[in-house]
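One file, run35.txt, carrying compact mmCIF, C-alpha atoms:
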# COMPACT_ATOMS: atom_id res chain seq x y z
CA LYS A 1 -27.60 32.74 -32.07
CA SER A 2 -24.92 32.34 -34.72
CA VAL A 3 -22.25 33.58 -32.27
CA PHE A 4 -23.22 31.01 -29.64
CA PHE A 5 -23.41 28.33 -32.31
CA ASN A 6 -19.90 29.15 -33.52
CA ILE A 7 -18.58 29.04 -29.94
CA PHE A 8 -20.21 25.64 -29.48
CA ILE A 9 -18.60 24.32 -32.68
CA ILE A 10 -15.17 25.57 -31.58
CA LEU A 11 -15.48 24.02 -28.13
CA PHE A 12 -16.73 20.75 -29.61
CA SER A 13 -13.77 20.65 -32.01
CA ILE A 14 -11.34 21.23 -29.17
CA ILE A 15 -12.85 18.37 -27.17
CA LEU A 16 -12.61 16.02 -30.16
CA SER A 17 -8.98 17.03 -30.71
CA LEU A 18 -8.11 16.37 -27.07
CA GLU A 19 -9.83 12.99 -27.18
CA ALA A 20 -7.93 12.10 -30.33
CA VAL A 21 -4.62 12.97 -28.71
CA ALA A 22 -5.49 11.07 -25.51
CA GLY A 23 -6.60 8.04 -27.47
CA LYS A 24 -3.61 7.98 -29.82
CA LYS A 25 -2.09 4.53 -29.81
CA CYS A 26 1.60 3.92 -29.33
CA LYS A 27 3.64 2.40 -32.13
CA LYS A 28 4.67 -1.22 -31.73
CA PRO A 29 7.22 -2.44 -30.94
CA LEU A 30 7.65 0.19 -28.26
CA GLU A 31 10.67 2.45 -28.59
CA SER A 32 13.21 2.82 -25.79
CA ARG A 33 15.10 5.86 -24.62
CA TYR A 34 18.41 5.27 -22.85
CA TRP A 35 20.01 7.45 -20.21
CA VAL A 36 23.49 8.27 -21.57
CA ALA A 37 24.48 11.38 -19.59
CA ALA A 38 28.19 11.92 -18.97
CA ASP A 39 29.23 11.19 -15.38
CA ASP A 40 31.28 14.38 -15.04
CA GLY A 41 30.11 15.51 -11.61
CA SER A 42 27.65 18.14 -12.84
CA GLU A 43 23.90 17.93 -12.22
CA LYS A 44 21.98 16.08 -14.90
CA PHE A 45 18.27 16.62 -15.45
CA TRP A 46 15.74 14.17 -16.86
CA HIS A 47 14.16 16.52 -19.39
CA ASP A 48 17.44 17.57 -21.00
CA SER A 49 17.52 15.80 -24.38
CA ALA A 50 21.33 15.96 -24.30
CA ASN A 51 21.19 13.10 -21.76
CA TRP A 52 19.21 10.60 -23.86
CA SER A 53 19.79 8.34 -26.84
CA LYS A 54 17.83 5.81 -28.87
CA THR A 55 20.43 3.13 -28.15
CA SER A 56 22.29 1.93 -25.08
CA GLY A 57 25.56 3.84 -24.85
CA GLY A 58 24.61 5.79 -27.96
CA LYS A 59 25.51 9.34 -28.79
CA PRO A 60 23.94 11.83 -26.34
CA GLY A 61 21.36 14.22 -27.69
CA LYS A 62 20.07 11.91 -30.40
CA ALA A 63 16.69 11.57 -28.69
CA LYS A 64 14.35 13.57 -26.52
CA ALA A 65 13.45 12.48 -23.00
CA PRO A 66 11.04 9.52 -23.01
CA THR A 67 7.31 10.16 -23.34
CA ARG A 68 4.14 8.15 -22.70
CA CYS A 69 4.82 5.82 -25.64
CA GLN A 70 8.46 5.07 -24.78
CA ILE A 71 10.40 3.00 -22.25
CA ALA A 72 12.80 4.89 -20.01
CA LYS A 73 15.90 2.73 -19.52
CA PHE A 74 18.92 3.14 -17.26
CA ASP A 75 21.87 0.75 -17.61
CA GLY A 76 25.60 0.50 -17.03
CA ASN A 77 26.52 2.66 -20.02
CA SER A 78 25.79 5.74 -17.91
CA ILE A 79 25.80 5.70 -14.12
CA ALA A 80 25.35 9.47 -13.82
CA ASN A 81 22.83 10.63 -11.24
CA VAL A 82 19.64 12.24 -12.53
CA LYS A 83 17.22 14.79 -11.09
CA LEU A 84 13.74 15.68 -12.19
CA GLY A 85 13.40 19.38 -12.89
CA GLU A 86 9.73 19.05 -13.81
CA ASP A 87 7.03 16.39 -13.72
CA VAL A 88 7.31 13.23 -15.82
CA ASN A 89 3.59 12.62 -15.97
CA LYS A 90 3.89 9.34 -17.78
CA VAL A 91 6.31 7.06 -19.58
CA LYS A 92 5.29 3.66 -20.93
CA LYS A 93 7.70 1.71 -18.71
CA PHE A 94 10.46 2.63 -16.27
CA GLN A 95 13.35 0.14 -16.15
CA VAL A 96 16.69 0.20 -14.34
CA SER A 97 19.18 -2.59 -14.99
CA SER A 98 21.65 -4.04 -12.50
CA GLY A 99 24.49 -2.18 -14.23
CA TYR A 100 23.16 1.21 -13.17
CA SER A 101 24.45 2.33 -9.76
CA GLY A 102 23.38 5.96 -9.78
CA THR A 103 20.57 7.87 -8.06
CA ILE A 104 17.29 8.92 -9.66
CA ASN A 105 15.99 11.81 -7.58
CA LEU A 106 12.35 12.84 -8.08
CA ASN A 107 13.31 16.14 -6.47
CA GLY A 108 9.78 17.20 -5.56
CA HIS A 109 8.16 16.07 -8.83
CA HIS A 110 5.87 13.37 -10.23
CA LEU A 111 7.33 10.32 -12.01
CA ALA A 112 4.70 8.01 -13.46
CA SER A 113 4.84 4.81 -15.50
CA GLN A 114 1.83 3.45 -17.36
CA MET A 115 3.17 -0.10 -17.08
CA ASN A 116 5.50 -1.79 -14.61
CA ILE A 117 8.38 -0.14 -12.82
CA ALA A 118 11.26 -2.64 -12.71
CA LEU A 119 14.35 -1.75 -10.66
CA HIS A 120 17.32 -4.14 -10.76
CA GLY A 121 19.81 -1.48 -9.66
CA GLY A 122 20.18 2.13 -8.65
CA ILE A 123 18.42 4.19 -6.00
CA VAL A 124 15.14 5.98 -6.60
CA LEU A 125 14.64 8.85 -4.16
CA VAL A 126 11.11 10.05 -3.39
CA PRO A 127 11.74 13.09 -1.15
CA ALA A 128 9.27 15.70 0.12
CA ASN A 129 6.60 16.76 -2.39
CA SER A 130 7.55 13.91 -4.74
CA PHE A 131 5.19 11.29 -6.17
CA LEU A 132 6.20 7.90 -7.62
CA GLN A 133 3.33 6.20 -9.45
CA THR A 134 2.73 3.14 -11.61
CA TRP A 135 -0.41 1.73 -13.19
CA GLY A 136 1.33 -1.67 -13.19
CA ASP A 137 3.50 -3.52 -10.65
CA LEU A 138 6.35 -2.05 -8.65
CA TYR A 139 9.21 -4.54 -8.91
CA ILE A 140 12.20 -3.83 -6.68
CA TYR A 141 14.64 -6.60 -7.49
CA LYS A 142 17.86 -7.47 -5.69
CA GLY A 143 20.13 -4.46 -6.16
CA GLY A 144 17.24 -2.02 -6.51
CA THR A 145 16.27 0.54 -3.86
CA VAL A 146 13.40 2.96 -3.37
CA THR A 147 13.71 5.48 -0.54
CA ALA A 148 10.84 7.80 0.34
CA SER A 149 11.14 10.59 2.87
CA GLY A 150 9.22 13.61 4.13
CA ASP A 151 5.75 13.71 2.61
CA GLY A 152 6.78 11.85 -0.54
CA LYS A 153 4.08 9.57 -1.96
CA ILE A 154 3.99 6.18 -3.68
CA LYS A 155 0.96 4.76 -5.50
CA VAL A 156 0.88 1.30 -7.10
CA LYS A 157 -2.10 0.22 -9.20
CA LYS A 158 -1.23 -3.48 -9.01
CA ASN A 159 1.31 -5.33 -6.83
CA VAL A 160 4.37 -4.40 -4.79
CA ARG A 161 7.15 -6.97 -5.14
CA ILE A 162 10.29 -6.45 -3.05
CA GLU A 163 13.52 -8.41 -3.40
CA GLY A 164 15.67 -5.32 -2.85
CA LYS A 165 14.89 -2.52 -0.39
CA LEU A 166 11.90 -0.23 0.01
CA THR A 167 11.80 2.54 2.61
CA ALA A 168 8.17 3.64 2.74
CA PRO A 169 6.84 7.14 3.30
CA GLY A 170 5.96 8.03 6.87
CA GLY A 171 2.64 9.61 7.78
CA ASP A 172 -1.03 8.92 7.16
CA HIS A 173 -3.04 6.69 4.82
CA THR A 174 -2.67 9.04 1.82
CA ARG A 175 1.10 8.51 1.42
CA PHE A 176 1.48 4.88 0.30
CA ILE A 177 -1.44 3.33 -1.61
CA VAL A 178 -1.44 -0.20 -3.02
CA HIS A 179 -4.31 -1.55 -5.13
CA GLY A 180 -2.95 -5.10 -5.31
CA GLY A 181 -0.86 -7.45 -3.18
CA PHE A 182 2.21 -6.78 -1.07
CA ASN A 183 5.17 -9.15 -1.29
CA VAL A 184 8.52 -9.07 0.49
CA TYR A 185 10.51 -12.01 -0.79
CA SER A 186 13.52 -13.72 0.75
CA GLY A 187 16.40 -11.24 0.86
CA GLY A 188 14.06 -8.27 0.51
CA THR A 189 13.67 -5.50 3.08
CA PHE A 190 10.68 -3.29 3.85
CA ILE A 191 11.15 -0.35 6.24
CA HIS A 192 7.82 1.13 7.33
CA SER A 193 9.10 4.54 8.59
CA ASN A 194 6.19 4.68 11.08
CA GLY A 195 3.90 5.16 8.11
CA THR A 196 0.70 3.62 6.77
CA VAL A 197 0.19 1.18 3.92
CA THR A 198 -3.29 1.67 2.45
CA PHE A 199 -4.75 -1.36 0.68
CA SER A 200 -7.37 -0.25 -1.84
CA THR A 201 -7.69 -3.72 -3.33
CA GLN A 202 -9.76 -3.68 -6.51
CA ARG A 203 -9.50 -7.30 -7.65
CA THR A 204 -9.76 -10.66 -5.94
CA GLY A 205 -6.84 -12.87 -4.97
CA HIS A 206 -4.48 -10.20 -3.65
CA ALA A 207 -2.34 -11.21 -0.70
CA ILE A 208 0.16 -9.99 1.87
CA ASN A 209 3.18 -12.23 1.69
CA ILE A 210 6.16 -11.25 3.84
CA VAL A 211 8.98 -13.78 3.79
CA GLY A 212 11.85 -11.29 3.94
CA GLU A 213 12.54 -8.58 6.49
CA GLY A 214 9.94 -6.08 7.61
CA ASN A 215 6.71 -5.39 9.48
CA PHE A 216 3.94 -2.88 9.02
CA TYR A 217 3.42 0.12 11.26
CA ASN A 218 -0.18 0.91 10.25
CA ILE A 219 -2.44 -0.96 7.83
CA TYR A 220 -5.47 0.88 6.49
CA LYS A 221 -7.84 -1.08 4.22
CA ASN A 222 -10.69 0.71 2.51
CA ALA A 223 -11.87 -1.28 -0.51
CA ARG A 224 -14.51 -3.80 -1.53
CA LYS A 225 -12.22 -6.68 -2.47
CA HIS A 226 -10.73 -9.14 -0.01
CA LEU A 227 -7.12 -9.26 1.14
CA ILE A 228 -5.56 -12.61 2.00
CA LEU A 229 -2.71 -13.35 4.38
CA SER A 230 -0.21 -15.81 2.90
CA LYS A 231 2.08 -15.47 5.94
CA PRO A 232 1.68 -14.20 9.51
CA ILE A 233 1.98 -10.43 9.81
CA GLU A 234 2.94 -7.98 12.52
CA VAL A 235 1.33 -4.55 12.67
CA GLU A 236 3.30 -2.49 15.15
CA ASN A 237 0.58 0.11 15.55
CA ASN A 238 -3.01 0.21 14.18
CA LEU A 239 -4.93 -2.20 11.95
CA THR A 240 -8.01 -0.62 10.33
CA ASN A 241 -10.51 -2.02 7.84
CA ILE A 242 -13.34 0.33 6.89
CA GLY A 243 -14.07 -1.31 3.53
CA ARG A 244 -16.52 -4.04 2.61
CA GLY A 245 -13.72 -6.34 1.54
CA LYS A 246 -12.57 -8.82 4.15
CA ILE A 247 -9.19 -9.52 5.64
CA ILE A 248 -8.94 -13.30 5.35
CA THR A 249 -6.25 -14.85 7.53
CA LEU A 250 -6.24 -18.42 6.14
CA GLY A 251 -5.08 -19.53 9.59
CA LYS A 252 -2.21 -17.03 9.79
CA ASN A 253 -1.58 -15.00 12.96
CA ILE A 254 -1.84 -11.22 13.24
CA THR A 255 0.16 -9.50 15.96
CA ILE A 256 -1.02 -5.96 16.75
CA GLY A 257 0.78 -3.35 18.83
CA GLY A 258 -1.94 -0.69 18.58
CA ASP A 259 -5.69 -0.50 18.03
CA LEU A 260 -7.89 -2.78 15.94
CA ASP A 261 -10.81 -1.09 14.15
CA PHE A 262 -12.96 -3.16 11.80
CA TYR A 263 -15.98 -0.89 11.68
CA GLN A 264 -17.22 0.10 8.24
CA LEU A 265 -18.61 3.38 7.07
CA GLY A 266 -21.94 3.62 5.32
CA ILE A 267 -25.38 2.04 5.50
CA ASP A 268 -24.30 -1.55 6.12
CA SER A 269 -21.57 -0.52 8.54
CA TRP A 270 -22.00 -3.61 10.71
CA ARG A 271 -21.26 -6.11 7.98
CA LYS A 272 -18.43 -8.35 9.09
CA ASN A 273 -15.24 -7.77 7.15
CA PHE A 274 -12.84 -10.18 8.84
CA THR A 275 -12.49 -13.95 8.43
CA ALA A 276 -10.36 -15.36 11.24
CA GLY A 277 -10.13 -19.03 10.30
CA ASN A 278 -7.76 -20.77 12.68
CA GLY A 279 -5.50 -17.75 12.91
CA LYS A 280 -4.81 -15.98 16.18
CA VAL A 281 -5.08 -12.24 16.77
CA ILE A 282 -2.46 -11.27 19.33
CA PHE A 283 -2.62 -7.94 21.17
CA ASP A 284 0.92 -7.33 22.32
CA GLY A 285 1.39 -3.57 22.54
CA SER A 286 3.45 -1.63 25.06
CA SER A 287 0.68 0.94 25.70
CA ALA A 288 -3.13 0.94 25.86
CA GLN A 289 -4.92 -0.88 23.03
CA THR A 290 -8.56 -0.95 21.96
CA ILE A 291 -10.69 -3.43 20.00
CA LYS A 292 -13.56 -2.08 17.90
CA SER A 293 -15.04 -4.80 15.74
CA PRO A 294 -18.38 -6.40 14.81
CA ALA A 295 -16.49 -9.39 13.40
CA ASP A 296 -16.17 -12.73 15.17
CA PHE A 297 -12.75 -13.94 16.19
CA ASN A 298 -11.57 -17.50 16.52
CA ASN A 299 -8.49 -17.19 18.72
CA VAL A 300 -7.50 -14.05 20.58
CA GLN A 301 -4.45 -13.68 22.80
CA ILE A 302 -4.15 -10.72 25.18
CA SER A 303 -0.52 -10.10 26.11
CA ASN A 304 -0.84 -6.44 27.07
CA PRO A 305 -1.91 -5.25 30.56
CA ASP A 306 -4.21 -2.59 29.03
CA VAL A 307 -6.62 -3.81 26.32
CA SER A 308 -10.25 -2.57 26.14
CA LEU A 309 -13.31 -3.24 24.00
CA LEU A 310 -14.77 -0.21 22.24
CA THR A 311 -17.99 -1.40 20.69
CA ALA A 312 -20.49 1.23 19.62
CA ALA A 313 -23.76 1.45 21.59
CA THR A 314 -25.79 0.92 18.39
CA VAL A 315 -24.74 -2.71 18.08
CA THR A 316 -25.02 -5.64 20.43
CA GLY A 317 -21.60 -5.03 21.88
CA THR A 318 -20.74 -8.72 21.84
CA LEU A 319 -17.32 -10.03 20.96
CA THR A 320 -17.48 -13.69 19.92
CA ILE A 321 -14.25 -15.63 20.23
CA GLY A 322 -13.18 -19.23 19.75
CA THR A 323 -10.36 -19.20 22.27
CA LEU A 324 -9.51 -16.22 24.46
CA THR A 325 -6.13 -16.37 26.14
CA ILE A 326 -5.16 -13.70 28.65
CA ASP A 327 -1.48 -13.91 29.50
CA THR A 328 0.01 -13.38 32.94
CA ASP A 329 -0.08 -9.69 33.95
CA ALA A 330 -2.31 -8.91 30.96
CA THR A 331 -5.80 -7.37 31.12
CA LEU A 332 -8.86 -7.35 28.87
CA ASP A 333 -11.31 -4.63 29.94
CA LEU A 334 -14.82 -5.30 28.58
CA ASN A 335 -15.58 -1.62 29.05
CA GLY A 336 -19.33 -2.21 29.40
CA ASN A 337 -19.58 -4.60 26.43
CA ASP A 338 -20.74 -8.21 26.41
CA LEU A 339 -18.50 -11.20 25.88
CA ASP A 340 -19.84 -14.42 24.38
CA LEU A 341 -17.68 -17.50 24.87
CA THR A 342 -20.51 -20.04 24.53
CA ASP A 343 -18.64 -22.19 22.03
CA ALA A 344 -15.21 -21.18 23.20
CA THR A 345 -12.61 -21.57 25.89
CA LEU A 346 -11.34 -18.88 28.21
CA VAL A 347 -7.72 -19.41 29.24
CA ASN A 348 -7.13 -16.75 31.86
CA TYR A 349 -3.74 -16.24 33.47
CA GLY A 350 -4.29 -12.50 33.78
CA ASN A 351 -7.32 -10.23 34.36
CA LEU A 352 -10.76 -10.11 32.77
CA GLN A 353 -12.06 -6.72 33.88
CA LEU A 354 -15.77 -5.81 34.06
CA GLN A 355 -17.64 -2.62 34.98
CA GLY A 356 -20.65 -4.54 36.30
CA GLY A 357 -23.32 -4.21 33.59
CA GLU A 358 -21.86 -6.64 31.07
CA THR A 359 -23.19 -10.06 30.13
CA VAL A 360 -20.45 -12.66 30.02
CA VAL A 361 -21.15 -16.20 28.82
CA ILE A 362 -18.37 -18.69 29.55
CA THR A 363 -18.87 -22.42 28.97
CA THR A 364 -15.28 -23.65 29.39
CA MET A 365 -12.71 -21.89 31.49
CA ASP A 366 -9.08 -22.70 32.26
CA THR A 367 -7.48 -20.45 34.86
CA ASN A 368 -4.53 -22.78 35.42
Could you express the structure from this file as C-alpha cells?
Amino acid sequence: KSVFFNIFIILFSIILSLEAVAGKKCKKPLESRYWVAADDGSEKFWHDSANWSKTSGGKPGKAKAPTRCQIAKFDGNSIANVKLGEDVNKVKKFQVSSGYSGTINLNGHHLASQMNIALHGGIVLVPANSFLQTWGDLYIYKGGTVTASGDGKIKVKKNVRIEGKLTAPGGDHTRFIVHGGFNVYSGGTFIHSNGTVTFSTQRTGHAINIVGEGNFYNIYKNARKHLILSKPIEVENNLTNIGRGKIITLGKNITIGGDLDFYQLGIDSWRKNFTAGNGKVIFDGSSAQTIKSPADFNNVQISNPDVSLLTAATVTGTLTIGTLTIDTDATLDLNGNDLDLTDATLVNYGNLQLQGGETVVITTMDTN
C-alpha cells in the first residue's frame, strides 16, 4: 500500500507543478523581443537567440527568442528573412511593422499568438504542413501579406480583418477556421484558392463584410451562433450550414455557383437556420446545382439551366419562397418535392420542371 501511496503522491505533485507553470502570470508591462538578424544572405532561424534583442535595432544575442509572455516584433531595423526550424507554440503577440519587408516562413511548423496578430508589412508564408494560429484577431493591414499554400492551415479565434492581402489555404473545411467575423476592407484582397472558410462562430454579432476584392469558394458554417451579412456575398461553389446558428442576410443578396445545403445534424435537424429577410438567393452556376434546405426563402432567382431540389423524404419536401424568378433558359427541377408559392409570385421566363407527383401551389404567376 505504501508503494502505491508514494506513487500517488508523486503523480499528484507533478500535476500541481504543471498547473502552476500553466497558470503562471506574465509580468506587466509585457516585454518585447525584436528581430535583429543581420541581412547577410544566410538563412536565419526563429529560435536562434543570436537573432533577437530586447530593443529595436539592439545588439543581437542579447535576448532569447520570444516566449508566451513576450511580444514578437519585426520592424525596419532588420529586414532579414526568417524561417521556423521548430514550432513556436505560443507568443503573447505577433507584430510586424510597415518597415519590415522580409518573409516569415513557417516552414512546416506551428506559429501561435495568444493575442492579436498584427501585420503592417512583410510576408507570412504558411506552406504545406504549417499552421498559423491566433486566439485573438488576425489583422492584415495595408502592406501586410499572408500566403497559405499546400495543406497549410489558419485558425483565428476572433475576427479576420484584411486591408492587405490574404491568400487562403485550398482544400476542405479543416484548413481555414474562423470563430468570429470576416472583413475585407477597401483596398484589401482575399484570394480563396478554391478552398473553404469554416465559420465556427461562438459569439453573437459576427458578420461577413466584404468591401474590398474577393469572393468565397466554399462557406461551411457549423456553430450555434448566428452570422450576419453586412454586404452581399458571392460563393463560387458550395454554401453549407449544418449548425444551429442562422445565416441572417439583413436584406443582402447571396449568389451561389454550387450547391446550397442548410440541413443540420442531430436531433432537431429540421430547425431552420437561415433568415432571408428581403435578400435574394441567386443560383448562377455553370454546372448542375442542388438546393437542400428546410428554411424558407423570400426571393430566389434561378439563372442556371440545371437546378434541382434535394429535400429529404423525412420532411415535407416543401420549399416556401416569397418571389421565385426563373431566368430565360434556366430550369428549376422540383425533383419530386413540393413547391409552395401561396403568398408569393412566380416569375417564370424559363422552365419549372416536375416529375408528376409534386404538389405545386401558385397564387400569382408572371410568365411575361
Quick one: residues within 7 Å of A:Pro127, all atoms listed in the file counted, chain neighbours fewer than 6 positions away excluded, as a PDB file with C-alpha atoms, keeping the file's coordinate frame?
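What ended up in selection_38.pdb:
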ATOM      1  CA  LEU A 106      12.350  12.840  -8.080  1.00  0.00           C
ATOM      2  CA  ASN A 107      13.310  16.140  -6.470  1.00  0.00           C
ATOM      3  CA  GLY A 108       9.780  17.200  -5.560  1.00  0.00           C
ATOM      4  CA  ALA A 148      10.840   7.800   0.340  1.00  0.00           C
ATOM      5  CA  SER A 149      11.140  10.590   2.870  1.00  0.00           C
ATOM      6  CA  GLY A 150       9.220  13.610   4.130  1.00  0.00           C
ATOM      7  CA  GLY A 152       6.780  11.850  -0.540  1.00  0.00           C
TER       8      GLY A 152
END
- [ ] Go through A:Asn253, A:Asn105, A:Ser32, A:Ser230 one by one, measure the shortest atom-to-atom distance of each to A:Phe45 using all atoms listed in the file, and give the residue with the smallest value.
- [x]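 Smallest distance to A:Phe45 is found for A:Asn105.
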Task: Two-atom distance - atom CA of A:Gly41, atom CA of A:Ile104 (Å) - done: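 Rounded to one decimal, the two atoms are 14.5 Å apart.
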- [ ] Neighbourhood query: residues within 8 Å of (-10.0, -17.9, 13.7), file coordinates, counting all atoms listed in the file; return as a PyMOL selection string.
- [x] chain A and resi 249+251+275-280+297-299+322
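For the residues A:Lys92, A:Lys62, A:Arg203, A:Lys155, ranking by smallest atom-to-atom distance to A:Pro29 using only C-alpha atoms places A:Lys92 first.
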- [ ] Extract, using only C-alpha atoms, all DNA, RNA and protein residues at most 10 Å from A:Gly245, discarding same-chain residues fewer than 4 positions from it, and format them as JSON, numbers by chain.
- [x] {"A": [200, 201, 202, 204, 221, 222, 223, 224, 225, 226, 227, 241, 264, 271, 272, 273, 274]}
Dump as an mmCIF file, keeping the file's coordinate frame, selection limited to C-alpha atoms:
data_model
loop_
_atom_site.group_PDB
_atom_site.id
_atom_site.type_symbol
_atom_site.label_atom_id
_atom_site.label_comp_id
_atom_site.auth_asym_id
_atom_site.auth_seq_id
_atom_site.Cartn_x
_atom_site.Cartn_y
_atom_site.Cartn_z
ATOM 1 C CA SER A 200 -7.370 -0.250 -1.840
ATOM 2 C CA THR A 201 -7.690 -3.720 -3.330
ATOM 3 C CA GLN A 202 -9.760 -3.680 -6.510
ATOM 4 C CA THR A 204 -9.760 -10.660 -5.940
ATOM 5 C CA LYS A 221 -7.840 -1.080 4.220
ATOM 6 C CA ASN A 222 -10.690 0.710 2.510
ATOM 7 C CA ALA A 223 -11.870 -1.280 -0.510
ATOM 8 C CA ARG A 224 -14.510 -3.800 -1.530
ATOM 9 C CA LYS A 225 -12.220 -6.680 -2.470
ATOM 10 C CA HIS A 226 -10.730 -9.140 -0.010
ATOM 11 C CA LEU A 227 -7.120 -9.260 1.140
ATOM 12 C CA ASN A 241 -10.510 -2.020 7.840
ATOM 13 C CA GLN A 264 -17.220 0.100 8.240
ATOM 14 C CA ARG A 271 -21.260 -6.110 7.980
ATOM 15 C CA LYS A 272 -18.430 -8.350 9.090
ATOM 16 C CA ASN A 273 -15.240 -7.770 7.150
ATOM 17 C CA PHE A 274 -12.840 -10.180 8.840
#
Task: Between atom CA of A:Cys26 and atom CA of A:Ser113 - distance in Å to one decimal - done: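 Separation between atom CA of A:Ser113 and atom CA of A:Cys26: 14.2 Å.
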Quick one: which stretch 225-268 of chain A residues come within 12 Å of stretch 179-196 of chain A, and what is the nearest atom pair for each with the distance in Å to one decimal, counting only C-alpha atoms, rows ordered by chain and ascending number, as a Markdown table?
| residue | atom | partner | partner_atom | distance |
| --- | --- | --- | --- | --- |
| A:Lys225 | CA | A:His179 | CA | 9.8 |
| A:His226 | CA | A:Gly180 | CA | 10.2 |
| A:Leu227 | CA | A:Gly181 | CA | 7.8 |
| A:Ile228 | CA | A:Gly181 | CA | 8.7 |
| A:Leu229 | CA | A:Gly181 | CA | 9.8 |
| A:Ser230 | CA | A:Asn183 | CA | 9.5 |
| A:Lys231 | CA | A:Asn183 | CA | 10.1 |
| A:Ile233 | CA | A:Val184 | CA | 11.5 |
| A:Glu234 | CA | A:His192 | CA | 11.6 |
| A:Val235 | CA | A:Thr196 | CA | 10.1 |
| A:Glu236 | CA | A:Asn194 | CA | 8.7 |
| A:Asn237 | CA | A:Asn194 | CA | 8.5 |
| A:Asn238 | CA | A:Thr196 | CA | 9.0 |
| A:Leu239 | CA | A:Thr196 | CA | 9.6 |
| A:Thr240 | CA | A:Thr196 | CA | 10.3 |
